[in-house]
>>> print(open('data.txt').read())   # compact mmCIF, C-alpha atoms and all ligand atoms
# COMPACT_ATOMS: atom_id res chain seq x y z
CA MET A 19 -20.97 -4.09 -17.71
CA ALA A 20 -17.85 -5.30 -15.96
CA ASP A 21 -17.26 -1.82 -14.61
CA ARG A 22 -20.50 -1.96 -12.63
CA GLN A 23 -18.99 -4.72 -10.51
CA PRO A 24 -17.03 -3.73 -7.40
CA PRO A 25 -13.41 -3.30 -8.47
CA ARG A 26 -10.63 -5.75 -7.77
CA ILE A 27 -7.71 -4.21 -5.91
CA LEU A 28 -4.27 -5.81 -5.61
CA VAL A 29 -1.74 -4.19 -3.28
CA PHE A 30 1.95 -5.09 -3.27
CA GLY A 31 3.94 -3.98 -0.25
CA ALA A 32 7.47 -4.99 0.56
CA HIS A 33 6.57 -5.85 4.17
CA PRO A 34 3.54 -6.93 6.16
CA ASP A 35 2.18 -3.52 7.31
CA ASP A 36 3.22 -1.41 4.30
CA ALA A 37 -0.24 -1.60 2.76
CA GLU A 38 -1.73 -0.03 5.89
CA VAL A 39 0.88 2.71 6.16
CA TYR A 40 0.92 3.79 2.54
CA SER A 41 -2.59 3.04 1.30
CA GLY A 42 -4.70 1.96 4.30
CA GLY A 43 -7.35 4.61 3.74
CA LEU A 44 -8.01 3.64 0.13
CA VAL A 45 -7.96 -0.07 0.97
CA VAL A 46 -10.51 0.41 3.77
CA ARG A 47 -12.69 2.61 1.56
CA HIS A 48 -12.78 -0.08 -1.11
CA ALA A 49 -13.47 -2.80 1.44
CA GLU A 50 -16.47 -0.86 2.74
CA ARG A 51 -17.76 -0.65 -0.84
CA GLY A 52 -17.49 -4.38 -1.41
CA ALA A 53 -14.34 -4.53 -3.53
CA ALA A 54 -12.32 -7.72 -3.82
CA ILE A 55 -9.00 -6.94 -2.17
CA LYS A 56 -5.78 -8.87 -2.00
CA ILE A 57 -2.70 -7.62 -0.21
CA VAL A 58 0.68 -9.21 -0.87
CA SER A 59 3.74 -8.62 1.25
CA VAL A 60 6.51 -9.57 -1.13
CA THR A 61 8.94 -10.29 1.70
CA ASP A 62 8.41 -12.49 4.72
CA GLY A 63 9.18 -9.78 7.27
CA ARG A 64 11.91 -11.85 8.95
CA SER A 65 14.16 -8.90 9.77
CA GLY A 66 11.70 -6.63 11.55
CA HIS A 67 12.51 -7.25 15.19
CA TYR A 68 15.25 -6.83 17.78
CA CYS A 69 14.83 -10.07 19.75
CA ILE A 70 12.43 -12.47 18.00
CA GLU A 71 14.43 -14.83 15.84
CA PRO A 72 13.84 -14.42 12.08
CA ASP A 73 12.35 -17.88 11.49
CA ALA A 74 9.87 -17.39 14.31
CA LEU A 75 9.10 -13.86 13.19
CA VAL A 76 8.06 -15.05 9.72
CA GLY A 77 5.20 -17.06 11.21
CA ILE A 78 4.16 -14.28 13.58
CA ARG A 79 4.03 -11.73 10.80
CA ARG A 80 2.12 -14.06 8.50
CA GLN A 81 -0.53 -14.39 11.22
CA GLU A 82 -0.58 -10.65 11.91
CA ALA A 83 -1.10 -9.94 8.22
CA ALA A 84 -3.88 -12.51 7.94
CA ALA A 85 -5.61 -10.96 10.97
CA ALA A 86 -5.36 -7.48 9.46
CA GLY A 87 -6.88 -8.79 6.24
CA ARG A 88 -9.74 -10.50 8.09
CA LEU A 89 -10.75 -7.16 9.63
CA ILE A 90 -11.79 -5.91 6.19
CA GLY A 91 -12.52 -9.19 4.43
CA ALA A 92 -9.31 -9.09 2.40
CA ASP A 93 -6.83 -11.82 1.62
CA TYR A 94 -3.48 -10.65 3.09
CA VAL A 95 -0.53 -12.92 2.38
CA THR A 96 3.22 -12.85 2.82
CA TRP A 97 5.63 -14.31 0.29
CA HIS A 98 8.88 -16.13 1.03
CA PHE A 99 11.43 -13.57 -0.19
CA HIS A 100 13.69 -12.49 2.64
CA ASP A 101 13.02 -9.16 4.32
CA GLY A 102 15.93 -6.77 3.93
CA ALA A 103 17.38 -8.67 0.97
CA LEU A 104 14.84 -8.10 -1.78
CA GLN A 105 16.04 -7.25 -5.27
CA PRO A 106 14.01 -6.77 -8.46
CA THR A 107 15.13 -10.11 -9.85
CA LEU A 108 13.51 -12.11 -12.62
CA GLU A 109 12.13 -14.46 -9.97
CA VAL A 110 10.41 -11.63 -8.13
CA ARG A 111 9.14 -10.07 -11.35
CA ASN A 112 7.69 -13.36 -12.59
CA ALA A 113 6.00 -14.02 -9.25
CA ILE A 114 4.38 -10.58 -9.56
CA ILE A 115 3.33 -11.25 -13.16
CA ARG A 116 1.69 -14.54 -12.12
CA GLU A 117 -0.05 -12.91 -9.18
CA ILE A 118 -1.45 -10.03 -11.22
CA ARG A 119 -2.66 -12.37 -13.96
CA ALA A 120 -4.27 -14.77 -11.50
CA PHE A 121 -6.06 -12.05 -9.50
CA ALA A 122 -6.98 -9.97 -12.57
CA PRO A 123 -7.12 -6.67 -10.69
CA ASP A 124 -8.57 -3.42 -11.95
CA LEU A 125 -6.01 -1.53 -9.88
CA VAL A 126 -2.51 -2.51 -8.78
CA LEU A 127 -0.82 -0.51 -6.03
CA ALA A 128 2.88 -0.67 -5.14
CA HIS A 129 5.70 1.46 -3.80
CA ARG A 130 7.49 3.89 -6.07
CA PRO A 131 10.98 2.83 -7.18
CA TYR A 132 12.27 5.84 -5.18
CA ASP A 133 12.14 5.21 -1.47
CA TYR A 134 14.33 4.98 1.62
CA HIS A 135 13.99 1.21 1.88
CA PRO A 136 15.71 -1.01 -0.68
CA ASP A 137 12.92 -3.60 -0.38
CA HIS A 138 10.34 -0.92 -1.22
CA ARG A 139 12.40 0.18 -4.21
CA ALA A 140 12.71 -3.42 -5.38
CA VAL A 141 8.93 -3.95 -5.25
CA GLY A 142 8.36 -0.70 -7.13
CA MET A 143 10.85 -1.68 -9.80
CA ALA A 144 9.61 -5.26 -10.14
CA VAL A 145 5.98 -4.12 -10.52
CA GLN A 146 7.05 -1.53 -13.06
CA ASP A 147 9.00 -4.18 -14.97
CA ALA A 148 6.04 -6.57 -14.86
CA CYS A 149 3.55 -4.14 -16.40
CA TYR A 150 4.20 -4.57 -20.10
CA LEU A 151 4.82 -8.31 -19.82
CA LEU A 152 1.39 -9.00 -18.31
CA THR A 153 -0.08 -9.17 -21.80
CA VAL A 154 2.77 -11.17 -23.40
CA PRO A 155 1.67 -14.84 -23.60
CA HIS A 156 5.16 -16.33 -23.91
CA ILE A 157 6.17 -14.79 -20.59
CA CYS A 158 5.13 -17.08 -17.70
CA PRO A 159 2.98 -19.16 -20.09
CA GLU A 160 1.68 -21.30 -17.21
CA VAL A 161 -0.70 -18.43 -16.34
CA PRO A 162 -2.76 -17.03 -19.22
CA ALA A 163 -1.72 -13.55 -20.25
CA LEU A 164 -4.05 -10.62 -19.66
CA ARG A 165 -5.78 -9.10 -22.66
CA ARG A 166 -5.82 -5.67 -21.08
CA ASP A 167 -3.42 -4.02 -18.64
CA PRO A 168 -4.66 -3.05 -15.21
CA ILE A 169 -4.30 0.50 -13.97
CA VAL A 170 -1.19 0.79 -11.81
CA ALA A 171 -0.45 3.43 -9.21
CA SER A 172 2.25 4.15 -6.68
CA THR A 173 1.40 4.57 -3.02
CA CYS A 174 2.12 7.62 -0.92
CA ASP A 175 5.65 8.70 0.01
CA LEU A 176 7.39 11.98 0.73
CA PHE A 177 10.72 11.39 -1.00
CA THR A 178 11.97 13.96 -3.46
CA ARG A 179 15.12 12.46 -5.03
CA PRO A 180 15.54 11.74 -7.82
CA LEU A 181 11.88 12.67 -8.36
CA PRO A 182 9.10 13.78 -6.04
CA MET A 183 5.76 12.02 -6.26
CA GLN A 184 3.39 13.31 -8.88
CA PRO A 185 0.17 13.89 -6.91
CA ASP A 186 -2.19 12.53 -9.59
CA ILE A 187 -4.74 11.37 -7.02
CA VAL A 188 -5.44 12.98 -3.66
CA LEU A 189 -7.84 11.39 -1.17
CA GLU A 190 -9.01 12.75 2.16
CA THR A 191 -9.04 9.64 4.38
CA SER A 192 -10.01 10.80 7.86
CA GLY A 193 -13.12 8.64 7.67
CA GLU A 194 -11.03 5.53 7.20
CA LEU A 195 -8.47 6.29 9.91
CA GLU A 196 -10.02 4.11 12.60
CA ARG A 197 -10.24 0.96 10.50
CA ALA A 198 -6.85 1.45 8.86
CA ASN A 199 -5.42 1.97 12.35
CA ALA A 200 -7.13 -1.20 13.58
CA MET A 201 -5.56 -3.12 10.71
CA ALA A 202 -2.15 -1.69 11.54
CA ALA A 203 -2.62 -2.63 15.20
CA CYS A 204 -2.80 -6.28 14.12
CA HIS A 205 0.91 -5.96 13.27
CA ALA A 206 1.75 -5.82 16.98
CA SER A 207 5.32 -7.02 16.48
CA GLN A 208 5.92 -3.95 14.34
CA PHE A 209 3.93 -1.01 15.63
CA PHE A 210 4.20 -1.86 19.33
CA GLU A 211 7.64 -3.49 19.40
CA TRP A 212 10.04 -3.17 16.49
CA LEU A 213 9.30 0.32 15.15
CA PRO A 214 9.17 2.00 18.60
CA TYR A 215 12.39 0.15 19.50
CA HIS A 216 14.01 1.35 16.29
CA ASP A 217 12.86 4.91 16.95
CA GLY A 218 13.96 4.81 20.59
CA VAL A 219 10.44 5.22 22.02
CA LEU A 220 9.69 1.67 23.16
CA ASP A 221 9.06 2.90 26.71
CA GLU A 222 6.24 5.14 25.42
CA VAL A 223 4.12 2.22 24.17
CA PRO A 224 1.20 1.64 26.56
CA GLU A 225 0.76 -1.81 28.12
CA ASP A 226 -3.02 -1.75 27.79
CA ALA A 227 -4.32 -3.06 24.47
CA LEU A 228 -6.90 -0.30 23.97
CA GLU A 229 -4.48 2.43 24.95
CA ARG A 230 -2.02 1.04 22.43
CA VAL A 231 -4.51 1.46 19.64
CA GLY A 232 -4.99 5.09 20.66
CA TRP A 233 -1.24 5.58 20.81
CA LEU A 234 -0.93 4.16 17.30
CA ARG A 235 -3.68 6.50 16.10
CA GLY A 236 -1.48 9.38 17.28
CA TRP A 237 1.43 7.93 15.29
CA PHE A 238 -0.71 7.84 12.16
CA LEU A 239 -2.02 11.36 12.74
CA GLN A 240 1.58 12.62 12.84
CA LEU A 241 2.31 10.81 9.59
CA HIS A 242 -0.78 12.33 7.96
CA ALA A 243 0.18 15.80 9.19
CA GLN A 244 3.52 15.41 7.42
CA ARG A 245 1.72 14.40 4.24
CA VAL A 246 -0.69 17.30 4.43
CA ALA A 247 2.23 19.72 4.82
CA HIS A 248 4.16 18.05 2.00
CA PHE A 249 1.22 18.05 -0.40
CA ALA A 250 -0.23 21.43 0.60
CA ALA A 251 0.10 22.82 -2.94
CA PRO A 252 -1.89 20.05 -4.67
CA LEU A 253 -4.52 20.34 -1.94
CA ARG A 254 -4.87 24.06 -2.61
CA GLN A 255 -5.09 23.34 -6.34
CA ARG A 256 -8.13 21.26 -5.49
CA GLY A 257 -9.68 24.11 -3.56
CA ILE A 258 -8.90 22.54 -0.18
CA ASP A 259 -7.43 24.47 2.73
CA PRO A 260 -4.68 22.15 4.09
CA ALA A 261 -5.30 23.46 7.60
CA ARG A 262 -8.73 21.80 7.55
CA ILE A 263 -7.47 18.37 6.48
CA LYS A 264 -6.46 15.66 8.95
CA CYS A 265 -5.59 12.63 6.81
CA ILE A 266 -4.64 12.26 3.18
CA GLU A 267 -3.29 9.66 0.82
CA VAL A 268 -1.70 10.55 -2.48
CA PHE A 269 -1.16 8.26 -5.46
CA GLU A 270 0.86 8.56 -8.65
CA LEU A 271 -0.37 6.84 -11.80
CA SER A 272 2.13 4.61 -13.56
CA GLU A 273 2.88 5.38 -17.17
CA TYR A 274 3.34 1.67 -17.73
CA GLY A 275 -0.12 0.58 -16.67
CA ARG A 276 -3.28 1.38 -18.63
CA ARG A 277 -4.13 5.06 -18.79
CA PRO A 278 -7.42 5.49 -16.93
CA THR A 279 -10.41 7.54 -18.00
CA PRO A 280 -11.83 10.06 -15.50
CA GLU A 281 -14.70 7.61 -14.89
CA GLU A 282 -12.24 4.83 -14.09
CA LEU A 283 -10.40 7.11 -11.70
CA ASP A 284 -13.66 7.86 -9.90
CA ARG A 285 -14.31 4.14 -9.57
CA LEU A 286 -10.81 3.18 -8.45
CA PHE A 287 -10.20 6.21 -6.21
CA PRO A 288 -13.68 6.98 -4.88
CA GLY A 289 -14.02 10.45 -3.44
CA ARG A 290 -10.84 11.70 -5.08
CA LEU A 291 -10.34 15.41 -4.84
CA ALA A 292 -10.46 16.75 -8.37
CA ALA A 293 -8.31 19.70 -9.40
CA GLU A 294 -10.32 22.86 -9.93
CA ALA A 295 -10.63 23.98 -13.53
CA ASN A 296 -8.72 27.17 -14.16
ZN ZN A 301 8.11 -1.56 4.42
>>> encode(input="data.txt", output="structure tokens")
Amino acid sequence: MADRQPPRILVFGAHPDDAEVYSGGLVVRHAERGAAIKIVSVTDGRSGHYCIEPDALVGIRRQEAAAAGRLIGADYVTWHFHDGALQPTLEVRNAIIREIRAFAPDLVLAHRPYDYHPDHRAVGMAVQDACYLLTVPHICPEVPALRRDPIVASTCDLFTRPLPMQPDIVLETSGELERANAMAACHASQFFEWLPYHDGVLDEVPEDALERVGWLRGWFLQLHAQRVAHFAAPLRQRGIDPARIKCIEVFELSEYGRRPTPEELDRLFPGRLAAEAN
């Protein structure tokens, strides 16, 4: 019976905006289907700017995240751990254990432990370390232990060392691009200020608010094109010509979460592209 309810989705990103970049399509798809969604930025985002002081930036980014969440009816929060200094400590792990137990998600999403950003790696490791302990009552006894593990999956990245992503789940997400882009646009301090500054293209960002959203859409389309090229082989295995695909998200199932049935995968990754039988 419980599986007829809309699923509960809990997304851990290292920074406010990671959820949109790495899993925005899936998050929007679930929101449109009535899922309960919570997004946690494990760090406070204090380091993501070139002129706004860190303490001020924390408040700005908390508001940007909340606004992005409101667009899809999701709770989007930022935690207090410092951006750029996250490690997979016991404190971080226990905070994740408490959060997962309290929200009781069907699906947990997080970065892989292999990633360019140390904060992303730390979130991936801490979530991985939390998995088994979720059902151990003497760990964090102030929050009742789960009786059953959630399904856990890593969000999309293109890194190959030490291990490339296993493309267990492939979604075509062109239909969600506009809303995921609108969520991302709420993080104005990042997508219109810090990231273009960091990439040396700050002078390319339009002044006009609507034009900015279009400019950001172009940024996302470039990112998706890289993904489509990177994951061309798994797309072909699913009978899809990569040349016809605009946006994809790929997910890797964690061996440390519950192993899902095909029916659960259909519920948690609606519209997933199934591999063709050979
Ligand atoms: Zn990040």
>>> atom_distance(input="data.txt", atom1="CA of Leu189 (chain A)", atom2="CA of Arg51 (chain A)")
15.6 Å
>>> residues_around(input="data.txt", residues="Gln244 (chain A)", least_positions_apart="5", cutoff="12 Å", atoms="all atoms listed in the file", output="ChimeraX atom specification")
/A:174-177,237-239,249-250,260-261,263-267
>>> residues_near_ligand(input="data.txt", ligand="ligand ZN 301 (chain A)", cutoff="6 Å", atoms="all atoms listed in the file", output="JSON, numbers by chain")
{"A": [32, 33, 36]}
>>> atom_distance(input="data.txt", atom1="CA of Thr279 (chain A)", atom2="CA of Val39 (chain A)")
27.1 Å
>>> axis_aligned_box(input="data.txt", around="region 171-179 of chain A", padding_each_side="5 Å", output="AutoDock Vina command-line options")
--center_x 7.3 --center_y 8.7 --center_z -4.2 --size_x 25.6 --size_y 20.5 --size_z 19.9
>>> residues_around(input="data.txt", residues="Trp97 (chain A)", least_positions_apart="4", cutoff="7 Å", atoms="all atoms listed in the file", output="PDB file with C-alpha atoms, keeping the file's coordinate frame")
ATOM      1  CA  SER A  59       3.740  -8.620   1.250  1.00  0.00           C
ATOM      2  CA  VAL A  60       6.510  -9.570  -1.130  1.00  0.00           C
ATOM      3  CA  THR A  61       8.940 -10.290   1.700  1.00  0.00           C
ATOM      4  CA  ASP A  62       8.410 -12.490   4.720  1.00  0.00           C
TER       5      ASP A  62
END
>>> closest_residue(input="data.txt", among="A:Val141, A:Val29, A:Leu234, A:Ile169", to="Arg276 (chain A)", atoms="only C-alpha atoms")
A:Ile169
>>> residues_around(input="data.txt", residues="region 153-157 of chain A", least_positions_apart="3", cutoff="9 Å", atoms="only C-alpha atoms", output="PDB file with C-alpha atoms, in the coordinates of the input")
ATOM      1  CA  ASN A 112       7.690 -13.360 -12.590  1.00  0.00           C
ATOM      2  CA  ILE A 115       3.330 -11.250 -13.160  1.00  0.00           C
ATOM      3  CA  ARG A 119      -2.660 -12.370 -13.960  1.00  0.00           C
ATOM      4  CA  CYS A 149       3.550  -4.140 -16.400  1.00  0.00           C
ATOM      5  CA  TYR A 150       4.200  -4.570 -20.100  1.00  0.00           C
ATOM      6  CA  GLU A 160       1.680 -21.300 -17.210  1.00  0.00           C
ATOM      7  CA  VAL A 161      -0.700 -18.430 -16.340  1.00  0.00           C
ATOM      8  CA  PRO A 162      -2.760 -17.030 -19.220  1.00  0.00           C
ATOM      9  CA  ALA A 163      -1.720 -13.550 -20.250  1.00  0.00           C
ATOM     10  CA  LEU A 164      -4.050 -10.620 -19.660  1.00  0.00           C
ATOM     11  CA  ARG A 165      -5.780  -9.100 -22.660  1.00  0.00           C
ATOM     12  CA  ARG A 166      -5.820  -5.670 -21.080  1.00  0.00           C
ATOM     13  CA  ASP A 167      -3.420  -4.020 -18.640  1.00  0.00           C
TER      14      ASP A 167
END
>>> closest_residue(input="data.txt", among="A:Ile114, A:Leu28, A:Met183, A:Leu241", to="Pro168 (chain A)", atoms="only C-alpha atoms")
A:Leu28
>>> atom_distance(input="data.txt", atom1="CA of Gly142 (chain A)", atom2="CA of Ala243 (chain A)")
24.6 Å
